[in-house]
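For reference, the structure discussed in these notes is given below.
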Amino acid sequence: MIDRQTIDRILAAVPIEDLVGDYVRLTKRGSNYIGLCPFHSEKTPSFNVSPSRGIYKCFGCGKGGNAVSFLMEIEQLNFIDAIKRLAKRAGIQIEEREETEAERQQRTEHESLMLLLEWAENYYQKSLTDSTEGKVAGLGYLTERGVTAETIAKFGLGYSPAGGHAMSQAALQAGYSASFLQRVGLVTERNGELYDRFRERVMFPIRSVSGRPIGFGGRALRTDGKLAKYINSPEGEIYHKSETLFGLSLAKRAIAQQDRCFLVEGYLDVIQLHQRGLENVVASSGTSLTTEQTRLIGRFTKNVVLLYDGDSAGIKAAERGADLLLAEGINVSIVLLPEGQDPDDFAKAHTLAEIQDFVEDNRKDFIHFKAANRLKAGKGDPAQLAKLAQDVVKSIALIPDGITRALYIQEAARQFSLSEELLTAEVSKQRGQKPLIARPKNPDTPSAEAPTDAAAEGEAGSPEVEPKAKNPFYVQERELASMLLRYGTENIQIAEDDGSGVQSVRLADYMAAEFAVDGITFTDPLLRRLYDGYQQQLAEGAPDPQQALLSGLDPELTSLCIDLTTDRYTLSKRWFQGGKVVDLSHDDLSLNAQQVVLTFKWDILSQELASKREELKNPELTSQEVDERMHQIQDLSQVLCRLSELTKRI
């Protein structure tokens with residue numbers, strides 16, 4: 001296990017904005033950063049990163065945490081493996097005590113499967129470079145395709161031997177189970193015997209955003225008509241083809257820096273363009289582009305260039321993908337290569353400067369390209385043109401931003417010689433909206449016939465805190481917990497009971513004393529865990545209990561802490577309440593703390609008093625039980641009178 005001091009040192013050494021920036025394109029806003037949340041689909045950034053506090057918080061889906069919890073969530077790691085990954089990133093050596101057998105059993109199977117895939121990647125690489133078969137067949141093919149040794153190493157390319165059992169036998173000898181080999185899709189089973197899924201193929205590791213192998217693509221080297229040219233790992237626990245982009249782990253920084261992503265179709269397209277120096281390029285892993293893949297691109301940029309073959313098949317593939325990108329609010333342009341050339345061929349025949357010049361000279365906005373292409377196909381036939389114009393309208397209707405849609409409608413109307421009003425109505429019909437009949441009298445008031453984009457898109461806003469139906473104290477307890485986390489170590493001024501003066505005490509100590517004297521605590525289990533954890537950290541001498549709770553050791557508490565201490569908007573210290581300006585400066589902390597604590601106690605004890613009075617109505621109570629209830633009611637009444645007096649004095 002890893003000690004607390006080491007964890008704190010690792011967290012201090014890894015700026016959270018740098019870590020998150022590897023997965024999300026961040027934009028600086030004041031002292032914080034914002035971006036599109038990597039954990040849910042959104043078109044307006046609601047994901048915030050605070051470097052000063054070392055935390056992130058999404059106001060759309062509610063997820064939050066520190067660097068550890070971010071890595072655990074996005075890479076599906078356990079706590080220990082996330083800490084190790086951060087330590088490696090920071091160059092910090094970790095000293096661990098030996099795990100117990102029970103702790104070893106707790107390590108997730110997910111990480112074991114990931115380690116098996118890493119072993120397989122290494123096996124295929126060695127097979128390519130160290131075996132005679134690999135050198136002749138695999139390395140010979142890659143050399144013929146113009147792939148250099150440096151690029152082979154960069155992408156981790158490998159070779160799967162021709163025999164049907166070579167890899168599986170090596171894996172079993174290395175200690176990996178047959179069950180795990182099947183679960184990650186490296187083998188198939190026939191008649192109780194394991195067979196390697198990939199045989200006599202050049203291997204392309206498919207990696208996660210962070211660069212870990214999650215699957216493989218294999219290119220056949222035999223020209224057998226019955227043999228599939230390319231096969232991929234099957235869908236499984238680790239590999240999800242629709243959520244993966246080939247080359248993204250190597251391209252993400254260049255994409256974010258240049259605010260542009262080139263999208264191609266094949267593995268070698270990506271590899272050759274990288275080799276030429278064009279690194280902001282990814283491929284859809286040999287499958288049609290999916291919504292999940294477009295959202296993945298959208299985390300890093302809102303500008304995509306489709307770089308496809310110039311033949312009809314290439315154009316069709318580009319159009320299928322473009323509509324999905326448009327629906328995610330991504331600006332799409334297209335570059336068609338000379339007929340007969342794919343990006344692989346083009347990259348080998350040109351320098352980086354020539355490729356860049358060609359792109360700038362031939363890049364066309366996708367909607368404009370599609371409209372011009374349809375006009376050409378219509379050849380002046382009105383019926384045909386009407387049908388083709390509808391096709392363009394369908395693409396425009398997918399665009400979520402209203403202003404962008406309006407601009408495209410203007411351009412399409414000009415190209416097809418149609419009225420803007422007509423195309424606007426058609427777009428509204430496609431989007432399932434009623435067309436705009438008349439402009440509202442007040443320009444600031446949305447028309448009933450024209451719903452706003454936010455309403456049309458169903459954009460998620462900040463999740464509201466809903467009081468738990470069975471717990472009337474939930475909202476109060478959240479307020480108390482938030483105050484404890486924010487100000488627990490600060491001193492407040494409390495009046496002496498006899499009115500002789502005031503005493504200075506920590507807010508956390510005041511809260512603990514008030515709760516203890518009447519034997520009450522939080523009623524919500526998670527909030528009670530947070531309260532107890534905070535007080536325990538304080539008792540153990542932690543200088544900042546909140547930071548200890550944010551460590552990620554308890555992900556549920558980490559998320560709750562961030563939720564309670566992060567505001568979506570930064571408010572002025574002065575705000576309006578009941579028509580009066582109220583000063584929310586630090587001087588009010590003593591007053592507010594006492595009001596919140598005493599009100600909570602009053603409500604808790606009032607409910608208990610009502611409950612005792614209700615119990616007295618039970619005719620089956622013995623006389624002794626009635627006396628007990630009467631004494632309890634008397635005691636509670638006296639406590640409530642005391643609380644009433646204290647409240648008046650504040």
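By convention in this document, the chains of the structure tokens carry letters A, B, ... by their order, each chain's residues are numbered from 1, and ligands are numbered from 1 in the order they are shown.
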
For range 334-345 of chain A, find every residue with an atom within 10 Å (counting only C-alpha atoms), except residues of its own chain fewer than 6 positions away, and show them as a PDB file with N, CA and C atoms, in the first residue's frame.
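Written output follows (selection-v4.pdb):
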ATOM      1  N   ARG A 145       5.672  -0.688 -47.639  1.00  0.00           N
ATOM      2  CA  ARG A 145       4.683   0.391 -47.561  1.00  0.00           C
ATOM      3  C   ARG A 145       5.303   1.710 -47.123  1.00  0.00           C
ATOM      4  N   GLY A 146       6.600   1.723 -46.908  1.00  0.00           N
ATOM      5  CA  GLY A 146       7.292   2.970 -46.584  1.00  0.00           C
ATOM      6  C   GLY A 146       7.255   3.366 -45.125  1.00  0.00           C
ATOM      7  N   PHE A 262      -7.831  16.090 -38.332  1.00  0.00           N
ATOM      8  CA  PHE A 262      -8.014  15.444 -39.635  1.00  0.00           C
ATOM      9  C   PHE A 262      -8.561  14.043 -39.385  1.00  0.00           C
ATOM     10  N   LEU A 263      -9.622  13.693 -40.103  1.00  0.00           N
ATOM     11  CA  LEU A 263     -10.235  12.381 -39.941  1.00  0.00           C
ATOM     12  C   LEU A 263     -10.075  11.586 -41.227  1.00  0.00           C
ATOM     13  N   VAL A 264      -9.454  10.406 -41.112  1.00  0.00           N
ATOM     14  CA  VAL A 264      -9.232   9.523 -42.260  1.00  0.00           C
ATOM     15  C   VAL A 264      -9.870   8.167 -41.954  1.00  0.00           C
ATOM     16  N   GLU A 265      -9.718   7.219 -42.895  1.00  0.00           N
ATOM     17  CA  GLU A 265     -10.413   5.937 -42.730  1.00  0.00           C
ATOM     18  C   GLU A 265      -9.533   4.815 -42.208  1.00  0.00           C
ATOM     19  N   GLY A 266      -8.264   4.748 -42.630  1.00  0.00           N
ATOM     20  CA  GLY A 266      -7.468   3.557 -42.358  1.00  0.00           C
ATOM     21  C   GLY A 266      -6.298   3.766 -41.418  1.00  0.00           C
ATOM     22  N   TYR A 267      -5.800   2.643 -40.881  1.00  0.00           N
ATOM     23  CA  TYR A 267      -4.637   2.672 -39.996  1.00  0.00           C
ATOM     24  C   TYR A 267      -3.423   3.287 -40.691  1.00  0.00           C
ATOM     25  N   LEU A 268      -3.130   2.814 -41.904  1.00  0.00           N
ATOM     26  CA  LEU A 268      -1.936   3.293 -42.599  1.00  0.00           C
ATOM     27  C   LEU A 268      -2.072   4.737 -43.043  1.00  0.00           C
ATOM     28  N   ASP A 269      -3.306   5.218 -43.234  1.00  0.00           N
ATOM     29  CA  ASP A 269      -3.505   6.637 -43.526  1.00  0.00           C
ATOM     30  C   ASP A 269      -2.976   7.483 -42.364  1.00  0.00           C
ATOM     31  N   VAL A 270      -3.374   7.095 -41.152  1.00  0.00           N
ATOM     32  CA  VAL A 270      -2.915   7.809 -39.953  1.00  0.00           C
ATOM     33  C   VAL A 270      -1.399   7.715 -39.829  1.00  0.00           C
ATOM     34  N   ILE A 271      -0.876   6.508 -39.986  1.00  0.00           N
ATOM     35  CA  ILE A 271       0.553   6.265 -39.768  1.00  0.00           C
ATOM     36  C   ILE A 271       1.412   7.062 -40.751  1.00  0.00           C
ATOM     37  N   GLN A 272       1.053   7.065 -42.023  1.00  0.00           N
ATOM     38  CA  GLN A 272       1.856   7.779 -43.016  1.00  0.00           C
ATOM     39  C   GLN A 272       1.796   9.292 -42.813  1.00  0.00           C
ATOM     40  N   LEU A 273       0.628   9.818 -42.459  1.00  0.00           N
ATOM     41  CA  LEU A 273       0.520  11.260 -42.221  1.00  0.00           C
ATOM     42  C   LEU A 273       1.321  11.662 -40.985  1.00  0.00           C
ATOM     43  N   VAL A 304     -13.207  19.837 -37.678  1.00  0.00           N
ATOM     44  CA  VAL A 304     -12.768  18.570 -38.263  1.00  0.00           C
ATOM     45  C   VAL A 304     -12.649  18.720 -39.774  1.00  0.00           C
ATOM     46  N   VAL A 305     -11.538  18.172 -40.318  1.00  0.00           N
ATOM     47  CA  VAL A 305     -11.332  18.119 -41.765  1.00  0.00           C
ATOM     48  C   VAL A 305     -11.389  16.652 -42.182  1.00  0.00           C
ATOM     49  N   LEU A 306     -12.339  16.320 -43.049  1.00  0.00           N
ATOM     50  CA  LEU A 306     -12.444  14.959 -43.583  1.00  0.00           C
ATOM     51  C   LEU A 306     -11.474  14.823 -44.749  1.00  0.00           C
ATOM     52  N   LEU A 307     -10.528  13.920 -44.622  1.00  0.00           N
ATOM     53  CA  LEU A 307      -9.509  13.713 -45.654  1.00  0.00           C
ATOM     54  C   LEU A 307      -9.722  12.326 -46.244  1.00  0.00           C
ATOM     55  N   TYR A 308     -10.529  12.270 -47.303  1.00  0.00           N
ATOM     56  CA  TYR A 308     -10.952  10.985 -47.846  1.00  0.00           C
ATOM     57  C   TYR A 308     -10.562  10.845 -49.318  1.00  0.00           C
ATOM     58  N   ASP A 309     -10.677   9.620 -49.801  1.00  0.00           N
ATOM     59  CA  ASP A 309     -10.429   9.355 -51.224  1.00  0.00           C
ATOM     60  C   ASP A 309     -11.398  10.192 -52.070  1.00  0.00           C
ATOM     61  N   GLY A 310     -10.956  10.566 -53.273  1.00  0.00           N
ATOM     62  CA  GLY A 310     -11.780  11.410 -54.130  1.00  0.00           C
ATOM     63  C   GLY A 310     -12.803  10.668 -54.959  1.00  0.00           C
ATOM     64  N   ASP A 311     -12.905   9.325 -54.819  1.00  0.00           N
ATOM     65  CA  ASP A 311     -13.887   8.584 -55.615  1.00  0.00           C
ATOM     66  C   ASP A 311     -15.266   8.647 -54.954  1.00  0.00           C
ATOM     67  N   SER A 312     -16.250   8.059 -55.605  1.00  0.00           N
ATOM     68  CA  SER A 312     -17.627   8.130 -55.113  1.00  0.00           C
ATOM     69  C   SER A 312     -17.777   7.454 -53.750  1.00  0.00           C
ATOM     70  N   GLY A 314     -15.487   7.294 -51.434  1.00  0.00           N
ATOM     71  CA  GLY A 314     -14.916   8.215 -50.453  1.00  0.00           C
ATOM     72  C   GLY A 314     -15.868   9.338 -50.114  1.00  0.00           C
ATOM     73  N   ILE A 315     -16.564   9.875 -51.142  1.00  0.00           N
ATOM     74  CA  ILE A 315     -17.522  10.960 -50.915  1.00  0.00           C
ATOM     75  C   ILE A 315     -18.687  10.478 -50.064  1.00  0.00           C
ATOM     76  N   ALA A 318     -17.580  10.162 -46.509  1.00  0.00           N
ATOM     77  CA  ALA A 318     -17.422  11.491 -45.918  1.00  0.00           C
ATOM     78  C   ALA A 318     -18.772  12.063 -45.512  1.00  0.00           C
ATOM     79  N   GLU A 319     -19.773  11.897 -46.372  1.00  0.00           N
ATOM     80  CA  GLU A 319     -21.094  12.460 -46.084  1.00  0.00           C
ATOM     81  C   GLU A 319     -21.752  11.774 -44.895  1.00  0.00           C
ATOM     82  N   ALA A 322     -19.968  13.191 -41.849  1.00  0.00           N
ATOM     83  CA  ALA A 322     -20.161  14.627 -41.665  1.00  0.00           C
ATOM     84  C   ALA A 322     -21.451  14.931 -40.931  1.00  0.00           C
ATOM     85  N   ILE A 355       1.600  18.800 -48.419  1.00  0.00           N
ATOM     86  CA  ILE A 355       0.312  18.312 -47.904  1.00  0.00           C
ATOM     87  C   ILE A 355      -0.484  19.465 -47.317  1.00  0.00           C
ATOM     88  N   PHE A 358      -1.825  21.718 -50.052  1.00  0.00           N
ATOM     89  CA  PHE A 358      -2.929  21.081 -50.766  1.00  0.00           C
ATOM     90  C   PHE A 358      -4.221  21.176 -49.947  1.00  0.00           C
ATOM     91  N   VAL A 359      -4.095  20.952 -48.659  1.00  0.00           N
ATOM     92  CA  VAL A 359      -5.271  21.024 -47.785  1.00  0.00           C
ATOM     93  C   VAL A 359      -5.879  22.422 -47.820  1.00  0.00           C
ATOM     94  N   GLU A 360      -5.054  23.453 -47.668  1.00  0.00           N
ATOM     95  CA  GLU A 360      -5.576  24.821 -47.646  1.00  0.00           C
ATOM     96  C   GLU A 360      -6.162  25.227 -48.995  1.00  0.00           C
ATOM     97  N   ASP A 361      -5.591  24.750 -50.066  1.00  0.00           N
ATOM     98  CA  ASP A 361      -6.087  25.113 -51.404  1.00  0.00           C
ATOM     99  C   ASP A 361      -7.366  24.376 -51.769  1.00  0.00           C
ATOM    100  N   ASN A 362      -7.597  23.203 -51.181  1.00  0.00           N
ATOM    101  CA  ASN A 362      -8.720  22.369 -51.612  1.00  0.00           C
ATOM    102  C   ASN A 362      -9.774  22.132 -50.527  1.00  0.00           C
ATOM    103  N   ARG A 363      -9.573  22.698 -49.367  1.00  0.00           N
ATOM    104  CA  ARG A 363     -10.524  22.487 -48.270  1.00  0.00           C
ATOM    105  C   ARG A 363     -11.809  23.255 -48.538  1.00  0.00           C
ATOM    106  N   LYS A 364     -12.944  22.564 -48.431  1.00  0.00           N
ATOM    107  CA  LYS A 364     -14.255  23.180 -48.661  1.00  0.00           C
ATOM    108  C   LYS A 364     -15.145  22.925 -47.452  1.00  0.00           C
ATOM    109  N   ASP A 365     -15.913  23.941 -47.093  1.00  0.00           N
ATOM    110  CA  ASP A 365     -16.913  23.748 -46.057  1.00  0.00           C
ATOM    111  C   ASP A 365     -17.865  22.640 -46.500  1.00  0.00           C
ATOM    112  N   PHE A 366     -18.204  21.734 -45.596  1.00  0.00           N
ATOM    113  CA  PHE A 366     -18.958  20.555 -46.008  1.00  0.00           C
ATOM    114  C   PHE A 366     -20.338  20.895 -46.551  1.00  0.00           C
ATOM    115  N   ILE A 367     -21.064  21.789 -45.909  1.00  0.00           N
ATOM    116  CA  ILE A 367     -22.408  22.129 -46.392  1.00  0.00           C
ATOM    117  C   ILE A 367     -22.329  22.751 -47.782  1.00  0.00           C
ATOM    118  N   HIS A 368     -21.358  23.637 -47.978  1.00  0.00           N
ATOM    119  CA  HIS A 368     -21.190  24.248 -49.305  1.00  0.00           C
ATOM    120  C   HIS A 368     -20.815  23.188 -50.336  1.00  0.00           C
ATOM    121  N   PHE A 369     -19.937  22.277 -49.927  1.00  0.00           N
ATOM    122  CA  PHE A 369     -19.534  21.185 -50.824  1.00  0.00           C
ATOM    123  C   PHE A 369     -20.734  20.319 -51.189  1.00  0.00           C
ATOM    124  N   LYS A 370     -21.537  19.968 -50.201  1.00  0.00           N
ATOM    125  CA  LYS A 370     -22.682  19.096 -50.457  1.00  0.00           C
ATOM    126  C   LYS A 370     -23.697  19.778 -51.369  1.00  0.00           C
TER     127      LYS A 370
END

| as a VMD selection string, which residues of range 136-240 of chain A does DSSP assign to helix (DSSP H, G or I)? | chain A and resid 136 to 144 149 to 155 166 to 173 178 to 183

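Going from CA of Arg431 in chain A over to CA of Ile399 in chain A, you cover 9.6 Å.
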
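Note that the spacing between CA of Phe47 in chain A and CA of Asn280 in chain A amounts to 23.5 Å.
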
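Residues lying within 9 Å of Ile562 in chain A, counting only C-alpha atoms and ignoring same-chain neighbours fewer than 6 positions away, are Ile55, Tyr56, Lys57, Lys63, Gly64, Gly65, Asn66 and Leu550 of chain A.
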
Min atom-atom distance to Glu42 in chain A from the set A:Ala413, A:Leu221, A:Ile330, A:Ala548, counting only C-alpha atoms, belongs to A:Ile330

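For Leu245 in chain A, the non-local neighbours within 9 Å, defined as residues at least 3 positions apart in the same chain or in other chains and counting only C-alpha atoms, are Ile206, Arg207, Ser208, Val209, Lys241, Ser242, Leu248, Ser249, Val282, Ala283, Ser284, Ser285, Gln293, Leu296 and Ile297 of chain A.
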
Among range 187-300 of chain A, which residues carry a DSSP assignment of strand (DSSP E), reported as JSON, numbers by chain? {"A": [187, 188, 189, 190, 193, 194, 195, 196, 201, 202, 203, 204, 205, 206, 207, 213, 214, 215, 216, 217, 218, 219, 220, 230, 231, 232, 261, 262, 263, 264, 281, 282, 283]}

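Of the listed residues (A:Gly158, A:Glu200, A:Thr294, A:Leu549), A:Glu200 comes nearest to Leu227 in chain A; the distances count only C-alpha atoms.
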
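When only C-alpha atoms are used to measure the gap to Ile633 in chain A, the shortest distance among A:Pro525, A:Lys612, A:Glu237, A:Pro619 belongs to A:Lys612.
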
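Between CA of Pro213 in chain A and CA of Thr188 in chain A lies a distance of 19.4 Å.
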
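Distance annotation: of A:Leu250, A:Val136, A:Cys561, A:Ala386, the residue with the minimal separation from Phe155 in chain A is A:Leu250; atom set is only C-alpha atoms.
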